[in-house]
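**Q** The structure is given below, and queries will be raised subsequently.
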Amino acid sequence: MKKLISLATLAAATLAATGTLAADFPVKDKPITIVVPFAAGGPTDRVARDLAEALRKPLGGATVVVDNAAGAGSSIGTNKVAKASPDGHTLLLAHIAMATMPSLLRNMPFKVETDFEYLGMVNDVPMTLIGRPSLSATNYKELTAWINQNKGKINLGNAGVGSASHLCGLLLQNAWQVDMTTVPYKGTAPAMTDLIGGQIDLMCDQTTNTTSQIEGKKVKAYGVTTLKRLTTPALKDLPTLDESGLKNFQVTIWHGLYAPKGTPADVQARINTALIAALKDPEFIKKQEGLGAVVVTDKRLEPAEHKKFVAAEIARWSPVIKAAGVYAD
């Protein structure tokens with residue numbers, strides 16, 4: 001009897017603290033919000049909107065919406081989730097910035113390692129090196145010659161400090177041993193607009209954002225950042241940077257799902273189960289593959305393995321960022 005009372009008391013205390021138990025989740029007529037810490041129209045936003053659609057059925061027909069809260073190297077949206085009610089109705093879809101913010105941002109109002117519940121990985125996304133349509137170089141060999149001829153004059157765009165495009169740009173400049181004028185934007189969409197318009201010269205961005213632009217010949221494509229060519233129809237003929245001469249150059253961006261610290265364990269489990277089901281949705285898989293992304297099917301779907309993976313990524317990127325000497329307040 002004492003054990004039953006204890007469990008009942010614990011359940012009541014959890015419900016009082018969060019307002020939610022798995023049996024009540026999701027709360028009827030209360031939407032689940034996936035916060036994207038980047039601008040609308042960007043690659044992470046596209047993944048989030050596809051995921052929101054795929055999550056509705058396994059969450060019992062719940063309304064799942066996307067909220068874009070961009071800025072400050074993705075820390076604004078990330079902090080919004082860290083400070084949200086831990087009831088499972090506010091989630092975060094974030095990419096590799098979860099592993100780079102600890103090194104890039106000096107004044108973070110949250111801790112990546114301790115202020116979130118890790119719910120599982122979503123996908124891995126290759127990147128592409130692209131240029132403005134008026135660029136004279138038509139392939140990677142010609143591009144390297146153009147870069148050497150225009151040192152000190154090249155503008156390299158990105159979606160902001162800590163963004164995937166920023167990180168890829170750091171690695172490229174290091175590999176080329178060339179310093180470029182870095183032009184940060186508030187999101188990928190405005191950066192892409194300026195690249196198409198010729199205001200900047202180059203950008204390295206996720207296939208989720210570049211595939212349609214490459215297919216429509218709105219930008220010039222010079223290579224993918226994987227060691228093997230992609231099978232996506234629009235990108236299957238695009239060489240890897242490795243085979244083009246930039247040996248062993250490899251960058252893959254990943255996305256994961258998170259909840260505020262203190263979200264009840266049974267609610268976390270409910271969301272993880274729904275996530276696994278969503279990632280098996282044929283329509284979701286088709287959309288991701290069409291953008292060059294690979295849906296996660298390995299052990300990183302497990303929250304503990306997800307957290308372990310991010311910890312390893314923090315250790316991987318910290319020396320790269322510190323060597324580059326970049327940070328944001």
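Order determines the names: the first chain of the structure tokens is A, the second B, and so forth; residues in each chain are numbered 1 upward, and ligands are numbered 1 upward as they are shown.
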What's the 10 Å shell around A:Glu243, counting only C-alpha atoms, without same-chain residues fewer than 4 positions away, as a list in words?
**A** Gly223, Val224, Thr226, Leu227, Lys228, Arg229, Pro239, Lys247, Asn248 and Phe249 of chain A
**Q** Check the DSSP output for the backbone and give back, as a ChimeraX atom specification, the residues of stretch 32-243 of chain A in strand (DSSP E or B).
**A** /A:32-36,64-68,90-94,105,116-131,155-158,181-184,202-206,220-224,240
**Q** Kindly indicate which residue among A:Gln268, A:Asn123, A:Gln199, A:Thr225 lies nearest to A:Gly169, using only C-alpha atoms for the distances.
**A** A:Thr225
**Q** What is the atom CA of A:Asn139-atom CA of A:Ala234 distance in Å, reported with one decimal?
**A**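 These two atoms are separated by 16.3 Å.
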**Q** As JSON, numbers by chain, which residues of stretch 213-320 of chain A does DSSP assign to alpha helix (DSSP H)?
**A** {"A": [213, 214, 215, 241, 242, 243, 244, 265, 266, 267, 268, 269, 270, 271, 272, 273, 274, 275, 276, 277, 278, 282, 283, 284, 285, 286, 287, 288, 289, 290, 303, 304, 305, 306, 307, 308, 309, 310, 311, 312, 313, 314, 315, 316, 317, 318, 319, 320]}
**Q** List every residue of stretch 158-185 of chain A that has an atom at most 9 Å from any atom of stretch 200-220 of chain A, giving for each one its closest atom pair and the distance in Å to one decimal, counting only C-alpha atoms, sorted by chain and then by ascending residue number, as JSON lines.
**A**
```
{"residue": "A:Asn158", "atom": "CA", "partner": "A:Met203", "partner_atom": "CA", "distance": 6.3}
{"residue": "A:Ala159", "atom": "CA", "partner": "A:Asp205", "partner_atom": "CA", "distance": 8.7}
{"residue": "A:Ala164", "atom": "CA", "partner": "A:Asp205", "partner_atom": "CA", "distance": 6.8}
{"residue": "A:Ser165", "atom": "CA", "partner": "A:Asp205", "partner_atom": "CA", "distance": 4.9}
{"residue": "A:His166", "atom": "CA", "partner": "A:Cys204", "partner_atom": "CA", "distance": 7.9}
{"residue": "A:Leu167", "atom": "CA", "partner": "A:Cys204", "partner_atom": "CA", "distance": 8.9}
{"residue": "A:Cys168", "atom": "CA", "partner": "A:Cys204", "partner_atom": "CA", "distance": 6.0}
{"residue": "A:Gly169", "atom": "CA", "partner": "A:Cys204", "partner_atom": "CA", "distance": 6.2}
{"residue": "A:Leu172", "atom": "CA", "partner": "A:Cys204", "partner_atom": "CA", "distance": 8.7}
{"residue": "A:Val183", "atom": "CA", "partner": "A:Ile200", "partner_atom": "CA", "distance": 7.9}
```
**Q** Could you check how far atom CA of A:Ala99 sits from atom CA of A:Gly245, in Å to one decimal?
**A** 28.3 Å
**Q** Which of these, A:Ala54, A:Ala72, A:Leu246, A:Val35, has the shortest distance to A:Ile276 once you count only C-alpha atoms?
**A**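 Closest to A:Ile276, using only C-alpha atoms: A:Ala54.
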**Q** One decimal, in Å: what's the spacing between atom CA of A:Asp194 and atom CA of A:Ser134?
**A**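 Result for atom CA of A:Asp194 versus atom CA of A:Ser134: 12.3 Å, one decimal.
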**Q** For A:Ala293, please output as number ranges by chain all residues within 12 Å (counting only C-alpha atoms; exclusion window: fewer than 3 positions along the same chain).
**A** A: 43-44, 46-47, 122-128, 206-211, 226, 230-232, 235, 252-255, 284-290, 296
**Q** Kindly indicate which residue among A:Pro31, A:Leu291, A:Gly73, A:Lys322 lies nearest to A:Leu170, using only C-alpha atoms for the distances.
**A** A:Lys322
**Q** Which is closest to A:Ala70 among A:Met192, A:Ala39, A:Val251, A:Val27, if we use only C-alpha atoms?
**A**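 The closest residue to A:Ala70 is A:Ala39.
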**Q** Please determine, counting only C-alpha atoms, which residue among A:Ala312, A:Val81, A:Ala274, A:Val320 has the shortest atom-to-atom distance to A:Pro109.
**A**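 Of A:Ala312, A:Val81, A:Ala274, A:Val320, the one nearest A:Pro109, counting only C-alpha atoms, is A:Val81.
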